[in-house]
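What follows is one structure encoded as structure tokens, with my remarks underneath.
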Amino acid sequence: MSLLRPSRVVTMLAAAAALAAFAAPASAQHDHAHHGAQARAEKNRVERSDHPEPRPNVTAQDVLRVDQLENERQKEAYEIARKIPHVLDGLFCHCNCHEVRGKRSLLECYHSDMAARCGICMGEARLAWRLHQQGRTLEEIREAIDRQYGG
């Protein structure tokens with residue numbers, strides 16, 4: 001009779017856990033996937049808060065037009081992106097889009113309808129807009145974004 005090596009036991013346990021996830025009902029799989037993505041986003045928020053430098057002469061030309069959006073909340077966030085692209089281009093987006101979708105800054109979340117479906121993207125833009133209206137610097141806006149969304 002052979003004994004299993006500890007590394008083999010760990011591999012077998014991981015395989016069993018993966019198999020159990022596939023055997024779960026569809027609704028449980030969705031919940032698990034959602035919570036997994038949420039956990040990754042939480043980890044990302046804690047570990048990643050390095051903000052990009054805004055690109056010189058950045059514009060809002062690639063921001064999705066508001067007539068392509070569904071509701072007023074989304075339209076408001078996209079209008080903000082059109083008004084302050086130079087600010088949003090200097091902000092890290094804490095929704096995990098950097099890791100998953102390769103976005104360089106919050107502004108790039110607004111180049112498609114992705115931000116329209118993400119409360120973090122829209123929340124960061126709204127906070128940036130309020131602080132910008134108050135005359136806060138980009139550094140102060142970054143600090144507030146990190147406090148609110150960075151964990």
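Identifiers in this document derive from the order of the structure tokens: chains are assigned A, B, ..., residues are numbered from 1 separately in each chain, and ligands are numbered from 1 in order of occurrence.
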Open item on the list: Residues of segment 77-119 of chain A classed as alpha helix (DSSP H) by DSSP on the backbone are to be reported as a PyMOL selection string.
Closed with: chain A and resi 77-83+85-88+97-101+106-109+119
Could you take the residues named above and write them with C-alpha atoms, as a compact mmCIF listing (two decimals), in the first residue's frame?
# COMPACT_ATOMS: atom_id res chain seq x y z
CA ALA A 77 -21.90 59.40 -15.29
CA TYR A 78 -20.97 59.45 -18.98
CA GLU A 79 -21.53 63.22 -19.13
CA ILE A 80 -19.11 63.55 -16.23
CA ALA A 81 -16.55 61.54 -18.21
CA ARG A 82 -17.06 63.96 -21.11
CA LYS A 83 -16.59 67.00 -18.84
CA PRO A 85 -11.59 63.33 -19.07
CA HIS A 86 -8.25 64.73 -17.85
CA VAL A 87 -9.23 63.88 -14.26
CA LEU A 88 -10.67 60.42 -14.95
CA CYS A 97 -11.13 46.22 -15.01
CA HIS A 98 -7.38 46.78 -15.12
CA GLU A 99 -6.74 43.12 -14.48
CA VAL A 100 -9.66 41.67 -16.41
CA ARG A 101 -10.12 44.07 -19.31
CA LEU A 106 -11.14 55.14 -15.17
CA LEU A 107 -11.65 57.13 -18.36
CA GLU A 108 -11.24 54.00 -20.48
CA CYS A 109 -14.15 52.37 -18.64
CA GLY A 119 -21.48 50.90 -9.74
Could you name the residues that touch Pro54 of chain A at 7 Å or less, counting only C-alpha atoms, but leaving out those on the same chain fewer than 2 positions away, as a compact mmCIF listing (two decimals) with C-alpha atoms, in the first residue's frame?
# COMPACT_ATOMS: atom_id res chain seq x y z
CA PRO A 52 -1.86 56.43 -13.84
CA PRO A 56 -1.27 65.07 -22.14
CA HIS A 86 -8.25 64.73 -17.85
CA ASP A 89 -7.59 59.56 -17.02
CA GLY A 90 -5.49 60.06 -13.89
Task: Length of the atom CA of Leu131 of chain A to atom CA of Asp67 of chain A vector [Å] - done: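 Value for the atom CA of Leu131 of chain A-atom CA of Asp67 of chain A distance: 26.3 Å.
The two atoms in question, atom CA of Glu53 of chain A and atom CA of Glu124 of chain A, are spaced 16.6 Å apart.
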